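Heads up, entry_10.pdb below (PDB, N, CA and C atoms):
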```
ATOM      1  N   MET A   1      74.504   3.495 -20.823
ATOM      2  CA  MET A   1      74.035   2.133 -20.658
ATOM      3  C   MET A   1      74.317   1.368 -21.946
ATOM      4  N   THR A   2      74.839   0.181 -21.807
ATOM      5  CA  THR A   2      75.147  -0.634 -22.977
ATOM      6  C   THR A   2      73.928  -1.446 -23.393
ATOM      7  N   ASP A   3      73.984  -1.983 -24.619
ATOM      8  CA  ASP A   3      72.907  -2.851 -25.086
ATOM      9  C   ASP A   3      72.774  -4.076 -24.190
ATOM     10  N   PHE A   4      73.910  -4.569 -23.689
ATOM     11  CA  PHE A   4      73.889  -5.721 -22.791
ATOM     12  C   PHE A   4      73.105  -5.402 -21.527
ATOM     13  N   ASP A   5      73.336  -4.211 -20.955
ATOM     14  CA  ASP A   5      72.613  -3.806 -19.752
ATOM     15  C   ASP A   5      71.120  -3.712 -20.030
ATOM     16  N   ARG A   6      70.771  -3.130 -21.164
ATOM     17  CA  ARG A   6      69.360  -2.972 -21.536
ATOM     18  C   ARG A   6      68.702  -4.336 -21.711
ATOM     19  N   GLU A   7      69.399  -5.267 -22.343
ATOM     20  CA  GLU A   7      68.850  -6.608 -22.530
ATOM     21  C   GLU A   7      68.598  -7.292 -21.183
ATOM     22  N   GLY A   8      69.513  -7.111 -20.250
ATOM     23  CA  GLY A   8      69.333  -7.680 -18.921
ATOM     24  C   GLY A   8      68.130  -7.086 -18.207
ATOM     25  N   GLN A   9      67.959  -5.791 -18.327
ATOM     26  CA  GLN A   9      66.814  -5.131 -17.712
ATOM     27  C   GLN A   9      65.511  -5.589 -18.359
ATOM     28  N   ASP A  10      65.519  -5.697 -19.686
ATOM     29  CA  ASP A  10      64.328  -6.162 -20.390
ATOM     30  C   ASP A  10      63.947  -7.574 -19.951
ATOM     31  N   GLU A  11      64.938  -8.429 -19.758
ATOM     32  CA  GLU A  11      64.668  -9.791 -19.308
ATOM     33  C   GLU A  11      64.074  -9.780 -17.894
ATOM     34  N   GLN A  12      64.583  -8.919 -17.044
ATOM     35  CA  GLN A  12      64.043  -8.823 -15.680
ATOM     36  C   GLN A  12      62.604  -8.322 -15.697
ATOM     37  N   VAL A  13      62.298  -7.377 -16.560
ATOM     38  CA  VAL A  13      60.921  -6.889 -16.685
ATOM     39  C   VAL A  13      60.029  -8.027 -17.187
ATOM     40  N   ARG A  14      60.515  -8.816 -18.142
ATOM     41  CA  ARG A  14      59.743  -9.970 -18.626
ATOM     42  C   ARG A  14      59.477 -10.965 -17.501
ATOM     43  N   GLN A  15      60.450 -11.165 -16.626
ATOM     44  CA  GLN A  15      60.244 -12.066 -15.484
ATOM     45  C   GLN A  15      59.096 -11.563 -14.616
ATOM     46  N   VAL A  16      59.066 -10.271 -14.374
ATOM     47  CA  VAL A  16      58.002  -9.702 -13.546
ATOM     48  C   VAL A  16      56.666  -9.764 -14.289
ATOM     49  N   LEU A  17      56.666  -9.509 -15.583
ATOM     50  CA  LEU A  17      55.433  -9.643 -16.363
ATOM     51  C   LEU A  17      54.896 -11.069 -16.295
ATOM     52  N   ASN A  18      55.787 -12.036 -16.331
ATOM     53  CA  ASN A  18      55.359 -13.433 -16.202
ATOM     54  C   ASN A  18      54.713 -13.679 -14.840
ATOM     55  N   LEU A  19      55.254 -13.067 -13.797
ATOM     56  CA  LEU A  19      54.639 -13.189 -12.470
ATOM     57  C   LEU A  19      53.242 -12.577 -12.465
ATOM     58  N   ILE A  20      53.094 -11.427 -13.112
ATOM     59  CA  ILE A  20      51.785 -10.773 -13.178
ATOM     60  C   ILE A  20      50.787 -11.672 -13.907
ATOM     61  N   GLU A  21      51.224 -12.280 -15.000
ATOM     62  CA  GLU A  21      50.350 -13.198 -15.732
ATOM     63  C   GLU A  21      49.996 -14.416 -14.882
ATOM     64  N   GLU A  22      50.954 -14.904 -14.126
ATOM     65  CA  GLU A  22      50.754 -16.106 -13.306
ATOM     66  C   GLU A  22      49.876 -15.831 -12.081
ATOM     67  N   LEU A  23      50.176 -14.758 -11.373
ATOM     68  CA  LEU A  23      49.547 -14.517 -10.078
ATOM     69  C   LEU A  23      48.442 -13.459 -10.106
ATOM     70  N   GLY A  24      48.445 -12.626 -11.121
ATOM     71  CA  GLY A  24      47.492 -11.527 -11.202
ATOM     72  C   GLY A  24      48.151 -10.213 -10.824
ATOM     73  N   TYR A  25      47.699  -9.153 -11.458
ATOM     74  CA  TYR A  25      48.294  -7.827 -11.286
ATOM     75  C   TYR A  25      48.363  -7.410  -9.818
ATOM     76  N   ASP A  26      47.244  -7.524  -9.122
ATOM     77  CA  ASP A  26      47.176  -7.038  -7.738
ATOM     78  C   ASP A  26      47.972  -7.899  -6.755
ATOM     79  N   ALA A  27      48.233  -9.141  -7.117
ATOM     80  CA  ALA A  27      48.942 -10.046  -6.213
ATOM     81  C   ALA A  27      50.457  -9.855  -6.239
ATOM     82  N   VAL A  28      50.973  -9.254  -7.298
ATOM     83  CA  VAL A  28      52.427  -9.137  -7.443
ATOM     84  C   VAL A  28      52.896  -7.865  -6.740
ATOM     85  N   LYS A  29      53.514  -8.073  -5.612
ATOM     86  CA  LYS A  29      54.050  -6.983  -4.788
ATOM     87  C   LYS A  29      55.563  -7.128  -4.710
ATOM     88  N   LEU A  30      56.216  -6.102  -4.200
ATOM     89  CA  LEU A  30      57.671  -6.058  -4.131
ATOM     90  C   LEU A  30      58.277  -7.293  -3.453
ATOM     91  N   PRO A  31      57.783  -7.730  -2.306
ATOM     92  CA  PRO A  31      58.390  -8.912  -1.673
ATOM     93  C   PRO A  31      58.314 -10.171  -2.553
ATOM     94  N   ILE A  32      57.231 -10.315  -3.279
ATOM     95  CA  ILE A  32      57.089 -11.478  -4.158
ATOM     96  C   ILE A  32      58.101 -11.407  -5.292
ATOM     97  N   VAL A  33      58.260 -10.216  -5.880
ATOM     98  CA  VAL A  33      59.237 -10.050  -6.961
ATOM     99  C   VAL A  33      60.631 -10.381  -6.444
ATOM    100  N   MET A  34      60.976  -9.873  -5.281
ATOM    101  CA  MET A  34      62.297 -10.132  -4.708
ATOM    102  C   MET A  34      62.496 -11.625  -4.459
ATOM    103  N   GLU A  35      61.496 -12.268  -3.884
ATOM    104  CA  GLU A  35      61.606 -13.691  -3.540
ATOM    105  C   GLU A  35      61.691 -14.567  -4.782
ATOM    106  N   ARG A  36      60.829 -14.305  -5.758
ATOM    107  CA  ARG A  36      60.740 -15.190  -6.927
ATOM    108  C   ARG A  36      61.841 -14.959  -7.955
ATOM    109  N   THR A  37      62.416 -13.744  -7.982
ATOM    110  CA  THR A  37      63.422 -13.446  -8.997
ATOM    111  C   THR A  37      64.829 -13.334  -8.428
ATOM    112  N   GLY A  38      64.940 -13.141  -7.120
ATOM    113  CA  GLY A  38      66.251 -12.964  -6.511
ATOM    114  C   GLY A  38      66.817 -11.561  -6.696
ATOM    115  N   MET A  39      66.010 -10.636  -7.162
ATOM    116  CA  MET A  39      66.467  -9.261  -7.360
ATOM    117  C   MET A  39      66.587  -8.548  -6.020
ATOM    118  N   ALA A  40      67.540  -7.622  -5.949
ATOM    119  CA  ALA A  40      67.663  -6.754  -4.781
ATOM    120  C   ALA A  40      66.457  -5.812  -4.743
ATOM    121  N   LYS A  41      66.197  -5.229  -3.584
ATOM    122  CA  LYS A  41      64.999  -4.416  -3.389
ATOM    123  C   LYS A  41      64.882  -3.276  -4.400
ATOM    124  N   THR A  42      65.944  -2.517  -4.584
ATOM    125  CA  THR A  42      65.878  -1.375  -5.499
ATOM    126  C   THR A  42      65.634  -1.830  -6.930
ATOM    127  N   THR A  43      66.338  -2.858  -7.354
ATOM    128  CA  THR A  43      66.151  -3.383  -8.706
ATOM    129  C   THR A  43      64.731  -3.908  -8.885
ATOM    130  N   ALA A  44      64.260  -4.675  -7.922
ATOM    131  CA  ALA A  44      62.909  -5.232  -7.983
ATOM    132  C   ALA A  44      61.871  -4.116  -8.061
ATOM    133  N   HIS A  45      62.074  -3.057  -7.312
ATOM    134  CA  HIS A  45      61.143  -1.918  -7.324
ATOM    135  C   HIS A  45      61.063  -1.307  -8.722
ATOM    136  N   HIS A  46      62.218  -1.057  -9.329
ATOM    137  CA  HIS A  46      62.242  -0.458 -10.666
ATOM    138  C   HIS A  46      61.638  -1.386 -11.713
ATOM    139  N   ARG A  47      61.960  -2.673 -11.640
ATOM    140  CA  ARG A  47      61.432  -3.617 -12.632
ATOM    141  C   ARG A  47      59.938  -3.840 -12.447
ATOM    142  N   LEU A  48      59.460  -3.826 -11.208
ATOM    143  CA  LEU A  48      58.031  -3.953 -10.954
ATOM    144  C   LEU A  48      57.287  -2.758 -11.530
ATOM    145  N   ASN A  49      57.809  -1.561 -11.322
ATOM    146  CA  ASN A  49      57.165  -0.375 -11.898
ATOM    147  C   ASN A  49      57.142  -0.440 -13.414
ATOM    148  N   ALA A  50      58.249  -0.851 -14.018
ATOM    149  CA  ALA A  50      58.313  -0.963 -15.477
ATOM    150  C   ALA A  50      57.343  -2.023 -15.983
ATOM    151  N   ALA A  51      57.273  -3.144 -15.293
ATOM    152  CA  ALA A  51      56.370  -4.219 -15.705
ATOM    153  C   ALA A  51      54.913  -3.794 -15.569
ATOM    154  N   ARG A  52      54.578  -3.095 -14.516
ATOM    155  CA  ARG A  52      53.194  -2.608 -14.349
ATOM    156  C   ARG A  52      52.819  -1.641 -15.458
ATOM    157  N   THR A  53      53.730  -0.750 -15.803
ATOM    158  CA  THR A  53      53.476   0.201 -16.890
ATOM    159  C   THR A  53      53.271  -0.548 -18.204
ATOM    160  N   THR A  54      54.131  -1.523 -18.479
ATOM    161  CA  THR A  54      54.014  -2.321 -19.693
ATOM    162  C   THR A  54      52.715  -3.101 -19.704
ATOM    163  N   TRP A  55      52.368  -3.714 -18.590
ATOM    164  CA  TRP A  55      51.156  -4.517 -18.493
ATOM    165  C   TRP A  55      49.917  -3.658 -18.756
ATOM    166  N   LYS A  56      49.871  -2.479 -18.140
ATOM    167  CA  LYS A  56      48.731  -1.581 -18.354
ATOM    168  C   LYS A  56      48.628  -1.169 -19.813
ATOM    169  N   SER A  57      49.757  -0.892 -20.435
ATOM    170  CA  SER A  57      49.769  -0.519 -21.849
ATOM    171  C   SER A  57      49.263  -1.667 -22.718
ATOM    172  N   GLN A  58      49.700  -2.881 -22.414
ATOM    173  CA  GLN A  58      49.240  -4.049 -23.166
ATOM    174  C   GLN A  58      47.741  -4.253 -23.004
ATOM    175  N   GLN A  59      47.243  -4.061 -21.793
ATOM    176  CA  GLN A  59      45.816  -4.228 -21.549
ATOM    177  C   GLN A  59      45.006  -3.181 -22.311
ATOM    178  N   ALA A  60      45.499  -1.958 -22.328
ATOM    179  CA  ALA A  60      44.811  -0.889 -23.056
ATOM    180  C   ALA A  60      44.789  -1.190 -24.548
ATOM    181  N   SER A  61      45.886  -1.711 -25.082
ATOM    182  CA  SER A  61      45.953  -2.059 -26.503
ATOM    183  C   SER A  61      44.969  -3.173 -26.833
ATOM    184  N   ARG A  62      44.870  -4.142 -25.960
ATOM    185  CA  ARG A  62      43.928  -5.254 -26.179
ATOM    186  C   ARG A  62      42.497  -4.742 -26.164
ATOM    187  N   THR A  63      42.200  -3.839 -25.247
ATOM    188  CA  THR A  63      40.859  -3.268 -25.159
ATOM    189  C   THR A  63      40.545  -2.470 -26.417
ATOM    190  N   ASP A  64      41.496  -1.678 -26.887
ATOM    191  CA  ASP A  64      41.303  -0.882 -28.100
ATOM    192  C   ASP A  64      41.044  -1.780 -29.304
ATOM    193  N   ARG A  65      41.780  -2.878 -29.419
ATOM    194  CA  ARG A  65      41.595  -3.793 -30.542
ATOM    195  C   ARG A  65      40.223  -4.447 -30.486
ATOM    196  N   LYS A  66      39.783  -4.837 -29.300
ATOM    197  CA  LYS A  66      38.461  -5.466 -29.161
ATOM    198  C   LYS A  66      37.367  -4.497 -29.561
ATOM    199  N   GLU A  67      37.498  -3.234 -29.132
ATOM    200  CA  GLU A  67      36.476  -2.234 -29.451
ATOM    201  C   GLU A  67      36.444  -1.918 -30.939
ATOM    202  N   SER A  68      37.585  -1.937 -31.595
ATOM    203  CA  SER A  68      37.634  -1.588 -33.009
ATOM    204  C   SER A  68      37.109  -2.718 -33.895
ATOM    205  N   THR A  69      37.085  -3.952 -33.380
ATOM    206  CA  THR A  69      36.568  -5.067 -34.164
ATOM    207  C   THR A  69      35.093  -5.344 -33.875
ATOM    208  N   SER A  70      34.522  -4.640 -32.919
ATOM    209  CA  SER A  70      33.118  -4.869 -32.556
ATOM    210  C   SER A  70      32.184  -4.177 -33.499
TER     211      SER A  70
END
```
If you convert what's in this file into structure tokens, what do you get?
Amino acid sequence: MTDFDREGQDEQVRQVLNLIEELGYDAVKLPIVMERTGMAKTTAHHRLNAARTTWKSQQASRTDRKESTS
């Protein structure tokens, strides 16, 4: 995989993360990702999974920071 390919994938994951921020984690499903981003089903599935993993990690980090400052 080239750096160009990785950058494209990262941008697609960011698009899905933006949808999660806009609509909420539970509201973002595969059909919505496909419709709003124009991604094919397989690509949308992979990017949605990556975005969910990233989102959960970000949420855990935020929770850890809040607890450590309390």
Which residue of A:Ala60, A:Val16, A:Ala51, A:Ala27 approaches Met39 in chain A most closely, using only C-alpha atoms: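 Nearest candidate to Met39 in chain A out of A:Ala60, A:Val16, A:Ala51, A:Ala27: A:Val16.
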message: Using DSSP assignments from the backbone, pull out every residue in chain A that falls under alpha helix (DSSP H) and give it to me as a ChimeraX atom specification.
response: /A:3-23,30-37,41-69
- line: A straight line from CA of Asp5 in chain A to CA of Val33 in chain A spans 19.5 Å
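Taking CA of Gln9 in chain A as the reference point, CA of Ser57 in chain A is found at 18.1 Å.
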